[in-house]
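*Asks:* Handing over entry.tsv, TSV, C-alpha atoms.
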```tsv
chain	number	residue	atom	x	y	z
A	1	MET	CA	49.94	145.50	109.95
A	2	PRO	CA	52.93	143.82	108.19
A	3	LEU	CA	55.44	145.91	106.37
A	4	PRO	CA	55.02	145.99	102.57
A	5	SER	CA	58.39	144.28	102.00
A	6	GLN	CA	57.44	141.28	104.15
A	7	PRO	CA	54.68	138.80	103.28
A	8	PRO	CA	51.95	138.35	105.86
A	9	ALA	CA	52.76	136.02	108.77
A	10	ALA	CA	50.55	133.29	107.33
A	11	ASP	CA	52.54	133.31	104.05
A	12	ARG	CA	55.94	133.03	105.74
A	13	GLY	CA	57.43	129.56	106.17
A	14	PRO	CA	58.61	128.21	109.49
A	15	GLY	CA	61.96	129.55	110.60
A	16	THR	CA	61.86	132.68	108.46
A	17	GLY	CA	61.22	136.18	109.46
A	18	ASP	CA	61.77	136.46	113.17
A	19	ALA	CA	64.98	134.37	113.34
A	20	LYS	CA	67.83	136.24	114.95
A	21	PRO	CA	71.12	136.49	113.05
A	22	PRO	CA	74.01	134.51	114.53
A	23	PRO	CA	76.07	136.38	117.08
A	24	ALA	CA	79.06	138.33	115.78
A	25	ASP	CA	81.59	136.27	117.76
A	26	ALA	CA	80.29	133.03	116.23
A	27	THR	CA	80.61	134.53	112.75
A	28	GLN	CA	84.15	135.66	113.46
A	29	GLU	CA	85.03	132.26	114.89
A	30	ALA	CA	83.67	130.53	111.78
A	31	ALA	CA	85.63	132.92	109.54
A	32	ALA	CA	88.82	132.25	111.52
A	33	THR	CA	88.23	128.50	111.24
A	34	LEU	CA	87.77	128.82	107.49
A	35	VAL	CA	91.00	130.82	107.22
A	36	ARG	CA	92.90	128.12	109.17
A	37	ILE	CA	91.43	125.39	106.95
A	38	GLU	CA	92.43	127.36	103.87
A	39	GLN	CA	96.00	127.73	105.19
A	40	VAL	CA	96.27	124.00	105.95
A	41	LEU	CA	94.96	123.12	102.50
A	42	GLY	CA	97.47	125.53	100.96
A	43	ASP	CA	100.29	123.86	102.90
A	44	ILE	CA	99.14	120.42	101.75
A	45	ARG	CA	99.00	121.64	98.15
A	46	GLY	CA	102.53	123.04	98.43
A	47	ARG	CA	103.87	119.76	99.78
A	48	LEU	CA	102.16	117.77	97.05
A	49	ASP	CA	103.57	120.10	94.38
A	50	ALA	CA	107.07	119.73	95.83
A	51	LEU	CA	106.77	115.94	95.87
A	52	ASP	CA	105.57	115.99	92.27
A	53	ARG	CA	108.55	118.12	91.20
A	54	GLU	CA	110.97	115.79	92.98
A	55	ARG	CA	109.41	112.74	91.37
A	56	ARG	CA	109.39	114.30	87.92
A	57	TYR	CA	113.03	115.45	87.90
A	58	ARG	CA	115.59	113.10	89.39
A	59	SER	CA	118.78	114.57	90.73
A	60	PHE	CA	122.05	114.15	88.86
A	61	SER	CA	124.04	111.05	89.74
A	62	LEU	CA	127.65	110.59	88.77
A	63	ALA	CA	127.26	106.83	89.19
A	64	LEU	CA	124.46	106.75	86.59
A	65	LEU	CA	126.53	108.82	84.17
A	66	ALA	CA	129.53	106.52	84.55
A	67	ALA	CA	127.30	103.47	84.13
A	68	ALA	CA	125.81	104.89	80.92
A	69	VAL	CA	129.28	105.56	79.51
A	70	LEU	CA	130.41	102.04	80.42
A	71	GLN	CA	127.28	100.61	78.82
A	72	ALA	CA	128.12	102.43	75.59
A	73	LEU	CA	131.64	100.96	75.72
A	74	VAL	CA	130.16	97.49	76.20
A	75	VAL	CA	128.05	97.90	73.08
A	76	GLY	CA	131.15	99.07	71.21
A	77	PHE	CA	133.20	96.04	72.31
A	78	LEU	CA	130.35	93.68	71.37
A	79	LEU	CA	130.01	95.24	67.93
A	80	ALA	CA	133.79	95.09	67.39
A	81	ALA	CA	133.85	91.41	68.38
A	82	LEU	CA	130.91	90.68	66.08
A	83	VAL	CA	132.53	92.47	63.15
A	84	ASP	CA	135.82	90.61	63.72
A	85	TRP	CA	134.03	87.30	63.94
A	86	LEU	CA	131.85	87.83	60.84
A	87	PHE	CA	134.17	89.61	58.45
A	88	TYR	CA	137.71	88.83	59.57
A	89	SER	CA	137.36	85.33	60.95
A	90	ASP	CA	140.06	83.91	58.68
A	91	THR	CA	142.67	86.59	59.51
A	92	VAL	CA	141.85	87.39	63.19
A	93	GLN	CA	142.55	84.75	65.76
A	94	ALA	CA	139.78	83.62	68.06
A	95	GLY	CA	141.72	84.95	71.04
A	96	ALA	CA	141.23	88.56	69.89
A	97	VAL	CA	137.47	88.08	69.71
A	98	LEU	CA	137.46	86.46	73.14
A	99	VAL	CA	139.48	89.32	74.60
A	100	LYS	CA	136.92	91.82	73.29
A	101	LEU	CA	134.08	89.74	74.70
A	102	GLY	CA	135.92	89.52	78.03
A	103	PHE	CA	136.31	93.29	78.17
A	104	ALA	CA	132.62	93.64	77.32
A	105	ALA	CA	131.65	91.28	80.15
A	106	VAL	CA	133.80	93.05	82.75
A	107	LEU	CA	132.57	96.49	81.69
A	108	GLN	CA	128.98	95.23	81.72
A	109	LEU	CA	129.41	94.19	85.37
A	110	ALA	CA	130.84	97.62	86.16
A	111	ALA	CA	127.90	99.28	84.39
A	112	LEU	CA	125.40	97.19	86.33
A	113	THR	CA	127.16	98.13	89.55
A	114	GLY	CA	126.97	101.81	88.60
A	115	PHE	CA	123.26	101.54	87.84
A	116	ALA	CA	122.64	99.78	91.16
A	117	VAL	CA	124.60	102.39	93.13
A	118	GLY	CA	122.97	105.30	91.32
A	119	ARG	CA	119.35	104.28	91.72
A	120	ASP	CA	117.13	105.78	94.41
A	121	ALA	CA	116.49	103.65	97.46
```
Can you dump the structure from the file as structure tokens?
*Replies:*
Amino acid sequence: MPLPSQPPAADRGPGTGDAKPPPADATQEAAATLVRIEQVLGDIRGRLDALDRERRYRSFSLALLAAAVLQALVVGFLLAALVDWLFYSDTVQAGAVLVKLGFAAVLQLAALTGFAVGRDA
């Protein structure tokens, strides 16, 4: 006679009831495998987080700072030449405007060099 907690044998589906539980060593092996997989996934997540932090925040570069300062000077020289040309064209000689534009051109080349040196490869 079947136990009251179990349905009769005719009511049980195939593969239920008399199936033996997996051996203890197989269960432990599966648990160890899952722990290793979890550790590997944690390592991958850590590496991805580190790469994301590196990509988000670039390191300080003295070359980029110098290039930005030179770029600001270039804009200043160009504005000074423009102001001299527009407002003081009758009193300022053309040579003074050309000198300012020459300084702006040379400093612009230096700024471009600084930006090229400071960028990541």
*Asks:* Grab the atom CA of A:Phe60 to atom CA of A:Leu79 distance for me, in Å with one decimal place.
*Replies:*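 Computed distance, atom CA of A:Phe60 to atom CA of A:Leu79, equals 29.3 Å.
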*Asks:* Could you state the separation of atom CA of A:Val74 and atom CA of A:Gln108 in Å, given to one decimal place?
*Replies:*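 Between atom CA of A:Val74 and atom CA of A:Gln108 the gap is 6.1 Å.
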*Asks:* Quick check, in Å to one decimal: how far apart do atom CA of A:Leu41 and atom CA of A:Arg56 lie?
*Replies:*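 Computed distance, atom CA of A:Leu41 to atom CA of A:Arg56, equals 22.3 Å.
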*Asks:* For stretch 96-104 of chain A, please output as a ChimeraX atom specification all residues within 8 Å (counting only C-alpha atoms; exclusion window: fewer than 4 positions along the same chain).
*Replies:* /A:73-75,77-78,80-82,84-85,92,108
*Asks:* Using only C-alpha atoms, pick whichever of A:Ala26, A:Ala50, A:Leu65, A:Leu34 has the shortest atom-to-atom distance to A:Gly118.
*Replies:* A:Leu65
*Asks:* Could you check the closest approach to A:Gln71 for each of A:Ala110, A:Leu86, A:Val117, A:Ala24 and tell me which residue wins, using all atoms listed in the file?
*Replies:*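 Among A:Ala110, A:Leu86, A:Val117, A:Ala24, it is A:Ala110 that comes nearest to A:Gln71.
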*Asks:* Given only C-alpha atoms as the basis, pick out the residue of A:Gly76, A:Ala67, A:Val83, A:Asp52 nearest to A:Phe115.
*Replies:*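 Among A:Gly76, A:Ala67, A:Val83, A:Asp52, it is A:Ala67 that comes nearest to A:Phe115.
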*Asks:* Could I see stretch 30-57 of chain A restored to N, CA and C atoms, set down as a short mmCIF file (atom, residue, chain, number, x, y, z; two decimals), keeping the file's coordinate frame?
*Replies:*
```cif
data_model
loop_
_atom_site.label_atom_id
_atom_site.label_comp_id
_atom_site.auth_asym_id
_atom_site.auth_seq_id
_atom_site.Cartn_x
_atom_site.Cartn_y
_atom_site.Cartn_z
N ALA A 30 83.81 131.35 112.99
CA ALA A 30 83.67 130.53 111.78
C ALA A 30 84.60 131.04 110.68
N ALA A 31 84.74 132.35 110.56
CA ALA A 31 85.63 132.92 109.54
C ALA A 31 87.08 132.56 109.86
N ALA A 32 87.46 132.61 111.13
CA ALA A 32 88.82 132.25 111.52
C ALA A 32 89.08 130.77 111.25
N THR A 33 88.08 129.93 111.52
CA THR A 33 88.23 128.50 111.24
C THR A 33 88.41 128.26 109.75
N LEU A 34 87.65 128.97 108.94
CA LEU A 34 87.77 128.82 107.49
C LEU A 34 89.14 129.29 107.00
N VAL A 35 89.68 130.34 107.60
CA VAL A 35 91.00 130.82 107.22
C VAL A 35 92.06 129.78 107.58
N ARG A 36 91.94 129.17 108.77
CA ARG A 36 92.90 128.12 109.17
C ARG A 36 92.82 126.92 108.22
N ILE A 37 91.61 126.53 107.87
CA ILE A 37 91.43 125.39 106.95
C ILE A 37 92.05 125.73 105.60
N GLU A 38 91.86 126.96 105.15
CA GLU A 38 92.43 127.36 103.87
C GLU A 38 93.95 127.34 103.93
N GLN A 39 94.54 127.77 105.05
CA GLN A 39 96.00 127.73 105.19
C GLN A 39 96.52 126.30 105.19
N VAL A 40 95.85 125.41 105.90
CA VAL A 40 96.27 124.00 105.95
C VAL A 40 96.18 123.38 104.56
N LEU A 41 95.10 123.66 103.85
CA LEU A 41 94.96 123.12 102.50
C LEU A 41 96.03 123.69 101.57
N GLY A 42 96.39 124.95 101.75
CA GLY A 42 97.47 125.53 100.96
C GLY A 42 98.81 124.87 101.25
N ASP A 43 99.06 124.57 102.54
CA ASP A 43 100.29 123.86 102.90
C ASP A 43 100.33 122.47 102.29
N ILE A 44 99.21 121.77 102.33
CA ILE A 44 99.14 120.42 101.75
C ILE A 44 99.39 120.49 100.25
N ARG A 45 98.81 121.48 99.59
CA ARG A 45 99.00 121.64 98.15
C ARG A 45 100.47 121.92 97.83
N GLY A 46 101.11 122.75 98.65
CA GLY A 46 102.53 123.04 98.43
C GLY A 46 103.39 121.81 98.58
N ARG A 47 103.10 121.00 99.59
CA ARG A 47 103.87 119.76 99.78
C ARG A 47 103.67 118.79 98.63
N LEU A 48 102.43 118.67 98.17
CA LEU A 48 102.16 117.77 97.05
C LEU A 48 102.85 118.26 95.78
N ASP A 49 102.87 119.57 95.55
CA ASP A 49 103.57 120.10 94.38
C ASP A 49 105.07 119.84 94.46
N ALA A 50 105.63 119.99 95.66
CA ALA A 50 107.07 119.73 95.83
C ALA A 50 107.39 118.26 95.59
N LEU A 51 106.55 117.37 96.11
CA LEU A 51 106.77 115.94 95.87
C LEU A 51 106.66 115.59 94.39
N ASP A 52 105.73 116.24 93.70
CA ASP A 52 105.57 115.99 92.27
C ASP A 52 106.79 116.46 91.50
N ARG A 53 107.33 117.63 91.87
CA ARG A 53 108.55 118.12 91.20
C ARG A 53 109.73 117.18 91.45
N GLU A 54 109.87 116.70 92.68
CA GLU A 54 110.97 115.79 92.98
C GLU A 54 110.84 114.49 92.21
N ARG A 55 109.62 113.99 92.09
CA ARG A 55 109.41 112.74 91.37
C ARG A 55 109.64 112.92 89.88
N ARG A 56 109.28 114.07 89.35
CA ARG A 56 109.39 114.30 87.92
C ARG A 56 110.84 114.47 87.48
N TYR A 57 111.64 115.16 88.26
CA TYR A 57 113.03 115.45 87.90
C TYR A 57 113.96 114.82 88.91
#
```
